[in-house]
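Comments concern the structure below.
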Amino acid sequence: MTRITVTVDGTTHEDEVEPRLLLVRYLRDRLGLTGTKIGCETGDCGSCTVDLDGMSVKSCLVLAVQADRREVTTAQGLVRDGELHPLQQSFHDHHALQCGYCTSGMVMAARDLLRRNPDPSTQEVRNGLKGNLCRCTGYQNIVAAVLAAASGRDADAGTVPRFDRLP
Ligand code: FES
Ligand code: FES
């Protein structure tokens, strides 16, 4: 067993883990953060996507010990004081989910994309999310939700602050 100290969604955890334990398993099974999903466990579907020290990673391809002394943010951690993150709100407003299994991974991948490119084209959004699969194939609304969050438009054409000015 190996001792790790990991900050997840703002809370620091100290744990003994097996060196082979996957980060996604640690998040779900040890910490109970089941908002991060497991789909393929082979790095293909993106449903396990989280942020590790500011970089989007597929947490089924990362060992828990590799997160030692690092900071993980999950989709659950994006909710602040009961308020959805603008991307989560945009997914809701644009009906960008059906079964919802891919959603937390999509949101985390989209967040990473918009941090690097706050004003993407439709094609850039599609390219940026190509590592994330939606089994329900609702890509059209997912792309619309990401573009709307980027431009600061909500589904009712009201305005919200631009994504790049938000946490
Ligand atoms: S579960 Fe990690 S990429 Fe599919
Ligand atoms: S909404 Fe069902 S997998 Fe994407």
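The way I read the labels, and the way they are meant: chains A, B, ... in the order of the structure tokens, residue 1 as the first residue of every chain, and ligand 1 as the first ligand shown, with later ones counted on from there.
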
Exercise for review: For ligand 1, list the contacting residues at 7 Å or closer, counting only C-alpha atoms and all ligand atoms, as a list in words.
Suggested key: Lys37, Ile38, Gly39, Cys40, Glu41, Thr42, Gly43, Asp44, Cys45, Gly46, Ser47, Cys48, Thr49, Lys58, Ser59, Cys60 and Leu61 of chain A

Practice item. Return as a ChimeraX atom specification the full set of residues in segment 78-163 of chain A whose backbone-based DSSP assignment is alpha helix (DSSP H). Key: /A:86-93,103-116,122-128,139-151

Exercise for review: Could you give me, as a PyMOL selection string, the residues within 12 Å of Glu14 of chain A, counting only C-alpha atoms and dropping anything in the same chain fewer than 5 positions from it?
Suggested key: chain A and resi 2-8+26+30-31+64-65+67-70

Could you write those residues out with N, CA and C atoms, as a PDB file, in the first residue's frame?
ATOM      1  N   THR A   2       0.344   2.303  -0.598  1.00  0.00           N
ATOM      2  CA  THR A   2       1.100   3.559  -0.702  1.00  0.00           C
ATOM      3  C   THR A   2       0.248   4.686  -0.125  1.00  0.00           C
ATOM      4  N   ARG A   3       0.883   5.557   0.610  1.00  0.00           N
ATOM      5  CA  ARG A   3       0.147   6.662   1.209  1.00  0.00           C
ATOM      6  C   ARG A   3       0.099   7.826   0.211  1.00  0.00           C
ATOM      7  N   ILE A   4      -1.098   8.361   0.003  1.00  0.00           N
ATOM      8  CA  ILE A   4      -1.234   9.511  -0.901  1.00  0.00           C
ATOM      9  C   ILE A   4      -2.003  10.634  -0.208  1.00  0.00           C
ATOM     10  N   THR A   5      -1.718  11.845  -0.655  1.00  0.00           N
ATOM     11  CA  THR A   5      -2.474  13.020  -0.213  1.00  0.00           C
ATOM     12  C   THR A   5      -2.972  13.710  -1.479  1.00  0.00           C
ATOM     13  N   VAL A   6      -4.279  13.742  -1.640  1.00  0.00           N
ATOM     14  CA  VAL A   6      -4.860  14.306  -2.872  1.00  0.00           C
ATOM     15  C   VAL A   6      -5.956  15.306  -2.507  1.00  0.00           C
ATOM     16  N   THR A   7      -5.937  16.426  -3.189  1.00  0.00           N
ATOM     17  CA  THR A   7      -7.034  17.383  -3.006  1.00  0.00           C
ATOM     18  C   THR A   7      -8.042  17.170  -4.125  1.00  0.00           C
ATOM     19  N   VAL A   8      -9.261  16.849  -3.736  1.00  0.00           N
ATOM     20  CA  VAL A   8     -10.314  16.594  -4.723  1.00  0.00           C
ATOM     21  C   VAL A   8     -11.470  17.549  -4.461  1.00  0.00           C
ATOM     22  N   TYR A  26     -10.570   5.251  -7.386  1.00  0.00           N
ATOM     23  CA  TYR A  26     -10.352   5.941  -6.110  1.00  0.00           C
ATOM     24  C   TYR A  26     -11.451   6.986  -5.885  1.00  0.00           C
ATOM     25  N   ARG A  30     -13.639   4.973  -3.270  1.00  0.00           N
ATOM     26  CA  ARG A  30     -13.096   5.387  -1.971  1.00  0.00           C
ATOM     27  C   ARG A  30     -13.739   6.686  -1.489  1.00  0.00           C
ATOM     28  N   LEU A  31     -13.864   7.647  -2.421  1.00  0.00           N
ATOM     29  CA  LEU A  31     -14.392   8.950  -2.008  1.00  0.00           C
ATOM     30  C   LEU A  31     -15.896   9.095  -2.251  1.00  0.00           C
ATOM     31  N   ALA A  64      -4.125   6.283  -8.992  1.00  0.00           N
ATOM     32  CA  ALA A  64      -4.364   7.163  -7.840  1.00  0.00           C
ATOM     33  C   ALA A  64      -3.040   7.678  -7.283  1.00  0.00           C
ATOM     34  N   VAL A  65      -2.004   6.850  -7.302  1.00  0.00           N
ATOM     35  CA  VAL A  65      -0.717   7.294  -6.756  1.00  0.00           C
ATOM     36  C   VAL A  65      -0.107   8.423  -7.602  1.00  0.00           C
ATOM     37  N   ALA A  67      -1.744  10.880  -8.604  1.00  0.00           N
ATOM     38  CA  ALA A  67      -2.411  12.114  -8.179  1.00  0.00           C
ATOM     39  C   ALA A  67      -1.897  12.589  -6.819  1.00  0.00           C
ATOM     40  N   ASP A  68      -0.909  11.897  -6.290  1.00  0.00           N
ATOM     41  CA  ASP A  68      -0.365  12.263  -4.985  1.00  0.00           C
ATOM     42  C   ASP A  68       0.169  13.698  -5.000  1.00  0.00           C
ATOM     43  N   ARG A  69      -0.230  14.472  -3.997  1.00  0.00           N
ATOM     44  CA  ARG A  69       0.166  15.877  -3.831  1.00  0.00           C
ATOM     45  C   ARG A  69      -0.285  16.741  -5.019  1.00  0.00           C
ATOM     46  N   ARG A  70      -1.372  16.329  -5.627  1.00  0.00           N
ATOM     47  CA  ARG A  70      -1.903  17.096  -6.753  1.00  0.00           C
ATOM     48  C   ARG A  70      -3.380  17.404  -6.504  1.00  0.00           C
TER      49      ARG A  70
END

List as a CSV table (one decimal) with all heavy atoms, in the first residue's frame the protein and nucleic acid residues lying within 7 Å of ligand 2, with only C-alpha atoms and all ligand atoms counted.
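Saved the output as out_3.csv:
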chain,number,residue,atom,x,y,z
A,97,LEU,N,-28.2,16.4,-23.0
A,97,LEU,CA,-28.0,15.1,-22.4
A,97,LEU,C,-29.3,14.3,-22.5
A,97,LEU,O,-30.3,14.8,-22.5
A,97,LEU,CB,-27.6,15.2,-20.9
A,97,LEU,CG,-28.5,15.9,-20.0
A,97,LEU,CD1,-28.7,15.2,-18.6
A,97,LEU,CD2,-28.0,17.3,-19.7
A,98,GLN,N,-29.1,13.0,-22.7
A,98,GLN,CA,-30.2,12.1,-22.7
A,98,GLN,C,-30.1,11.2,-21.5
A,98,GLN,O,-30.7,11.4,-20.5
A,98,GLN,CB,-30.2,11.4,-24.1
A,98,GLN,CG,-30.5,12.4,-25.2
A,98,GLN,CD,-30.3,11.8,-26.6
A,98,GLN,OE1,-31.1,10.9,-27.0
A,98,GLN,NE2,-29.3,12.2,-27.3
A,99,CYS,N,-29.3,10.1,-21.6
A,99,CYS,CA,-29.2,9.3,-20.4
A,99,CYS,C,-28.2,10.0,-19.4
A,99,CYS,O,-28.3,9.7,-18.2
A,99,CYS,CB,-28.6,7.9,-20.7
A,99,CYS,SG,-26.9,7.9,-21.1
A,100,GLY,N,-27.4,10.9,-19.9
A,100,GLY,CA,-26.5,11.6,-19.0
A,100,GLY,C,-25.2,10.9,-18.6
A,100,GLY,O,-24.4,11.5,-17.9
A,101,TYR,N,-25.0,9.7,-19.2
A,101,TYR,CA,-23.8,9.0,-18.7
A,101,TYR,C,-22.5,9.7,-19.2
A,101,TYR,O,-21.5,9.7,-18.4
A,101,TYR,CB,-23.8,7.6,-19.3
A,101,TYR,CG,-23.0,6.6,-18.4
A,101,TYR,CD1,-23.5,6.1,-17.3
A,101,TYR,CD2,-21.7,6.4,-18.8
A,101,TYR,CE1,-22.8,5.3,-16.5
A,101,TYR,CE2,-20.9,5.5,-18.0
A,101,TYR,CZ,-21.5,5.0,-16.8
A,101,TYR,OH,-20.7,4.2,-16.0
A,102,CYS,N,-22.5,10.3,-20.3
A,102,CYS,CA,-21.3,11.0,-20.8
A,102,CYS,C,-21.1,12.4,-20.3
A,102,CYS,O,-20.1,13.0,-20.5
A,102,CYS,CB,-21.3,11.0,-22.3
A,102,CYS,SG,-22.6,12.2,-23.0
A,103,THR,N,-22.2,12.9,-19.6
A,103,THR,CA,-22.2,14.3,-19.4
A,103,THR,C,-21.1,14.9,-18.5
A,103,THR,O,-20.5,15.9,-18.9
A,103,THR,CB,-23.6,14.7,-18.8
A,103,THR,OG1,-24.6,14.2,-19.6
A,103,THR,CG2,-23.8,16.2,-18.7
A,133,LEU,N,-17.2,10.2,-26.1
A,133,LEU,CA,-18.2,9.6,-26.8
A,133,LEU,C,-19.6,9.7,-26.1
A,133,LEU,O,-19.6,9.5,-24.9
A,133,LEU,CB,-17.9,8.1,-27.1
A,133,LEU,CG,-16.6,7.8,-27.7
A,133,LEU,CD1,-16.4,6.3,-27.9
A,133,LEU,CD2,-16.5,8.5,-29.1
A,134,CYS,N,-20.6,10.0,-26.9
A,134,CYS,CA,-22.0,10.0,-26.3
A,134,CYS,C,-22.7,8.8,-26.9
A,134,CYS,O,-22.9,8.7,-28.1
A,134,CYS,CB,-22.7,11.3,-26.7
A,134,CYS,SG,-24.4,11.3,-26.2
A,135,ARG,N,-23.0,7.8,-26.1
A,135,ARG,CA,-23.7,6.6,-26.6
A,135,ARG,C,-25.1,6.9,-27.1
A,135,ARG,O,-25.6,6.2,-27.9
A,135,ARG,CB,-23.8,5.6,-25.4
A,135,ARG,CG,-22.4,5.1,-25.0
A,135,ARG,CD,-22.4,4.6,-23.6
A,135,ARG,NE,-21.1,4.2,-23.1
A,135,ARG,CZ,-20.2,5.1,-22.7
A,135,ARG,NH1,-20.4,6.4,-22.8
A,135,ARG,NH2,-19.0,4.7,-22.3
A,136,CYS,N,-25.7,8.0,-26.6
A,136,CYS,CA,-27.0,8.4,-27.1
A,136,CYS,C,-26.9,9.3,-28.4
A,136,CYS,O,-27.9,9.7,-28.9
A,136,CYS,CB,-27.7,9.2,-26.0
A,136,CYS,SG,-27.9,8.3,-24.5
A,137,THR,N,-25.7,9.6,-28.8
A,137,THR,CA,-25.4,10.3,-30.0
A,137,THR,C,-26.0,11.7,-30.0
A,137,THR,O,-26.5,12.2,-31.1
A,137,THR,CB,-25.7,9.5,-31.3
A,137,THR,OG1,-27.1,9.4,-31.4
A,137,THR,CG2,-25.0,8.2,-31.3
A,138,GLY,N,-26.1,12.4,-28.9
A,138,GLY,CA,-26.7,13.7,-28.9
A,138,GLY,C,-25.7,14.8,-29.1
A,138,GLY,O,-25.7,15.8,-28.5

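Atom pair atom CA of Gln89 of chain A / atom CA of Ala149 of chain A has a distance of 8.5 Å (rounded to one decimal).
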
Check your understanding: How would you write, as a VMD selection string, the set of residues in segment 34-162 of chain A that DSSP gives as strand (DSSP E or B)?
Key -> chain A and resid 49 to 52 55 to 58 63 70 to 73 80 83 153 159

Go ahead and save the residues from that selection, with N, CA, C and O atoms, as a PDB file, in the first residue's frame.
ATOM      1  N   THR A  49     -13.506  11.665 -17.532  1.00  0.00           N
ATOM      2  CA  THR A  49     -12.629  12.842 -17.625  1.00  0.00           C
ATOM      3  C   THR A  49     -12.714  13.728 -16.380  1.00  0.00           C
ATOM      4  O   THR A  49     -13.808  14.077 -15.917  1.00  0.00           O
ATOM      5  N   VAL A  50     -11.561  14.077 -15.838  1.00  0.00           N
ATOM      6  CA  VAL A  50     -11.459  15.014 -14.717  1.00  0.00           C
ATOM      7  C   VAL A  50     -10.308  15.975 -15.023  1.00  0.00           C
ATOM      8  O   VAL A  50      -9.564  15.791 -15.986  1.00  0.00           O
ATOM      9  N   ASP A  51     -10.164  16.959 -14.162  1.00  0.00           N
ATOM     10  CA  ASP A  51      -9.061  17.914 -14.282  1.00  0.00           C
ATOM     11  C   ASP A  51      -8.006  17.544 -13.240  1.00  0.00           C
ATOM     12  O   ASP A  51      -8.317  17.351 -12.068  1.00  0.00           O
ATOM     13  N   LEU A  52      -6.770  17.418 -13.696  1.00  0.00           N
ATOM     14  CA  LEU A  52      -5.662  17.113 -12.780  1.00  0.00           C
ATOM     15  C   LEU A  52      -4.647  18.238 -12.911  1.00  0.00           C
ATOM     16  O   LEU A  52      -3.999  18.381 -13.958  1.00  0.00           O
ATOM     17  N   MET A  55      -5.127  20.242 -16.029  1.00  0.00           N
ATOM     18  CA  MET A  55      -5.101  19.545 -17.315  1.00  0.00           C
ATOM     19  C   MET A  55      -6.170  18.456 -17.336  1.00  0.00           C
ATOM     20  O   MET A  55      -6.330  17.730 -16.360  1.00  0.00           O
ATOM     21  N   SER A  56      -6.889  18.385 -18.434  1.00  0.00           N
ATOM     22  CA  SER A  56      -7.928  17.377 -18.563  1.00  0.00           C
ATOM     23  C   SER A  56      -7.294  15.995 -18.771  1.00  0.00           C
ATOM     24  O   SER A  56      -6.433  15.831 -19.637  1.00  0.00           O
ATOM     25  N   VAL A  57      -7.701  15.025 -17.952  1.00  0.00           N
ATOM     26  CA  VAL A  57      -7.175  13.662 -18.094  1.00  0.00           C
ATOM     27  C   VAL A  57      -8.325  12.662 -18.019  1.00  0.00           C
ATOM     28  O   VAL A  57      -9.373  12.947 -17.446  1.00  0.00           O
ATOM     29  N   LYS A  58      -8.095  11.508 -18.603  1.00  0.00           N
ATOM     30  CA  LYS A  58      -9.043  10.411 -18.456  1.00  0.00           C
ATOM     31  C   LYS A  58      -8.604   9.626 -17.220  1.00  0.00           C
ATOM     32  O   LYS A  58      -7.519   9.034 -17.207  1.00  0.00           O
ATOM     33  N   LEU A  63      -3.203   6.460 -12.433  1.00  0.00           N
ATOM     34  CA  LEU A  63      -3.238   5.747 -11.159  1.00  0.00           C
ATOM     35  C   LEU A  63      -3.477   6.748 -10.032  1.00  0.00           C
ATOM     36  O   LEU A  63      -3.030   7.905 -10.109  1.00  0.00           O
ATOM     37  N   ARG A  70      -1.372  16.329  -5.627  1.00  0.00           N
ATOM     38  CA  ARG A  70      -1.903  17.096  -6.753  1.00  0.00           C
ATOM     39  C   ARG A  70      -3.380  17.404  -6.504  1.00  0.00           C
ATOM     40  O   ARG A  70      -3.970  16.924  -5.545  1.00  0.00           O
ATOM     41  N   GLU A  71      -3.938  18.200  -7.420  1.00  0.00           N
ATOM     42  CA  GLU A  71      -5.312  18.658  -7.244  1.00  0.00           C
ATOM     43  C   GLU A  71      -6.207  18.124  -8.366  1.00  0.00           C
ATOM     44  O   GLU A  71      -5.883  18.292  -9.543  1.00  0.00           O
ATOM     45  N   VAL A  72      -7.292  17.493  -7.949  1.00  0.00           N
ATOM     46  CA  VAL A  72      -8.249  16.933  -8.910  1.00  0.00           C
ATOM     47  C   VAL A  72      -9.553  17.727  -8.809  1.00  0.00           C
ATOM     48  O   VAL A  72     -10.015  18.026  -7.707  1.00  0.00           O
ATOM     49  N   THR A  73     -10.114  18.061  -9.953  1.00  0.00           N
ATOM     50  CA  THR A  73     -11.455  18.661  -9.977  1.00  0.00           C
ATOM     51  C   THR A  73     -12.361  17.760 -10.805  1.00  0.00           C
ATOM     52  O   THR A  73     -12.007  17.362 -11.922  1.00  0.00           O
ATOM     53  N   ARG A  80     -20.963  25.435  -7.343  1.00  0.00           N
ATOM     54  CA  ARG A  80     -20.567  26.341  -6.249  1.00  0.00           C
ATOM     55  C   ARG A  80     -21.816  26.895  -5.583  1.00  0.00           C
ATOM     56  O   ARG A  80     -22.657  27.491  -6.252  1.00  0.00           O
ATOM     57  N   GLU A  83     -25.010  26.423  -7.176  1.00  0.00           N
ATOM     58  CA  GLU A  83     -25.163  26.972  -8.537  1.00  0.00           C
ATOM     59  C   GLU A  83     -24.367  26.125  -9.517  1.00  0.00           C
ATOM     60  O   GLU A  83     -23.182  25.859  -9.288  1.00  0.00           O
ATOM     61  N   ARG A 153     -24.067  33.180 -24.202  1.00  0.00           N
ATOM     62  CA  ARG A 153     -25.500  33.213 -24.471  1.00  0.00           C
ATOM     63  C   ARG A 153     -26.176  32.073 -23.731  1.00  0.00           C
ATOM     64  O   ARG A 153     -25.618  30.983 -23.643  1.00  0.00           O
ATOM     65  N   THR A 159     -28.249  36.818 -21.383  1.00  0.00           N
ATOM     66  CA  THR A 159     -26.793  36.862 -21.321  1.00  0.00           C
ATOM     67  C   THR A 159     -26.298  36.368 -19.973  1.00  0.00           C
ATOM     68  O   THR A 159     -26.935  36.559 -18.945  1.00  0.00           O
TER      69      THR A 159
END

Exercise for review: Do a neighbour search on Val79 of chain A at 12 Å with only C-alpha atoms, toss out local chain neighbours closer than 4 positions, and write the hits as a ChimeraX atom specification.
Suggested key: /A:9-10,35,73-75,83-89,104,107,167

For the residues in the current selection, export C-alpha atoms as a JSON list (two decimals), in the first residue's frame.
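Okay, out-v9.json is ready:
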[["chain", "number", "residue", "atom", "x", "y", "z"],
["A", 9, "ASP", "CA", -12.88, 19.32, -5.37],
["A", 10, "GLY", "CA", -11.24, 21.46, -2.71],
["A", 35, "GLY", "CA", -20.50, 11.75, -10.68],
["A", 73, "THR", "CA", -11.46, 18.66, -9.98],
["A", 74, "THR", "CA", -14.48, 16.62, -10.97],
["A", 75, "ALA", "CA", -17.76, 17.76, -12.52],
["A", 83, "GLU", "CA", -25.16, 26.97, -8.54],
["A", 84, "LEU", "CA", -24.30, 25.01, -11.65],
["A", 85, "HIS", "CA", -21.17, 25.99, -13.54],
["A", 86, "PRO", "CA", -22.09, 27.95, -16.72],
["A", 87, "LEU", "CA", -21.22, 24.92, -18.84],
["A", 88, "GLN", "CA", -23.40, 22.64, -16.74],
["A", 89, "GLN", "CA", -26.21, 25.20, -16.96],
["A", 104, "SER", "CA", -19.76, 14.86, -16.57],
["A", 107, "VAL", "CA", -18.46, 19.02, -19.33],
["A", 167, "PRO", "CA", -13.76, 30.24, -12.62]]

As a compact mmCIF listing (two decimals) with all heavy atoms, in the first residue's frame, please: the residues near Ala96 of chain A (cut-off 7 Å, only C-alpha atoms, same-chain neighbours under 4 positions excluded).
# COMPACT_ATOMS: atom_id res chain seq x y z
N PHE A 91 -25.54 22.99 -20.69
CA PHE A 91 -25.95 21.63 -21.06
C PHE A 91 -27.42 21.41 -20.69
O PHE A 91 -28.18 20.83 -21.45
CB PHE A 91 -25.07 20.58 -20.36
CG PHE A 91 -23.85 20.18 -21.14
CD1 PHE A 91 -22.89 21.11 -21.50
CD2 PHE A 91 -23.66 18.86 -21.52
CE1 PHE A 91 -21.76 20.75 -22.23
CE2 PHE A 91 -22.54 18.48 -22.25
CZ PHE A 91 -21.58 19.42 -22.60
N HIS A 92 -27.78 21.89 -19.52
CA HIS A 92 -29.18 21.76 -19.08
C HIS A 92 -30.10 22.55 -20.00
O HIS A 92 -31.10 22.02 -20.50
CB HIS A 92 -29.29 22.27 -17.63
CG HIS A 92 -30.69 22.26 -17.10
ND1 HIS A 92 -31.53 23.35 -17.23
CD2 HIS A 92 -31.39 21.30 -16.46
CE1 HIS A 92 -32.70 23.05 -16.68
NE2 HIS A 92 -32.65 21.81 -16.21
N GLY A 138 -26.09 12.36 -28.90
CA GLY A 138 -26.70 13.69 -28.87
C GLY A 138 -25.71 14.80 -29.12
O GLY A 138 -25.73 15.84 -28.45
N ASN A 141 -26.67 18.86 -29.79
CA ASN A 141 -27.00 19.74 -28.67
C ASN A 141 -25.81 19.95 -27.75
O ASN A 141 -25.69 21.00 -27.11
CB ASN A 141 -28.18 19.15 -27.88
CG ASN A 141 -29.48 19.30 -28.63
OD1 ASN A 141 -29.49 19.72 -29.78
ND2 ASN A 141 -30.58 18.94 -27.98
N ILE A 142 -24.93 18.97 -27.68
CA ILE A 142 -23.72 19.13 -26.86
C ILE A 142 -22.86 20.25 -27.44
O ILE A 142 -22.41 21.15 -26.72
CB ILE A 142 -22.93 17.80 -26.79
CG1 ILE A 142 -23.71 16.79 -25.95
CG2 ILE A 142 -21.54 18.02 -26.22
CD1 ILE A 142 -23.15 15.37 -26.01
N ALA A 145 -24.46 23.57 -26.82
CA ALA A 145 -24.32 23.99 -25.42
C ALA A 145 -22.94 24.57 -25.16
O ALA A 145 -22.81 25.59 -24.47
CB ALA A 145 -24.57 22.79 -24.50

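Minimum atom-to-atom distance to Val24 of chain A, evaluated using only C-alpha atoms, belongs to A:Gly105 out of A:Met1, A:Leu147, A:Gly77, A:Gly105.
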
Point to revise | Given only C-alpha atoms as the counted atoms, nearest of A:Arg25, A:Lys130, A:His94, A:Asn117 to Ala148 of chain A | key: A:His94
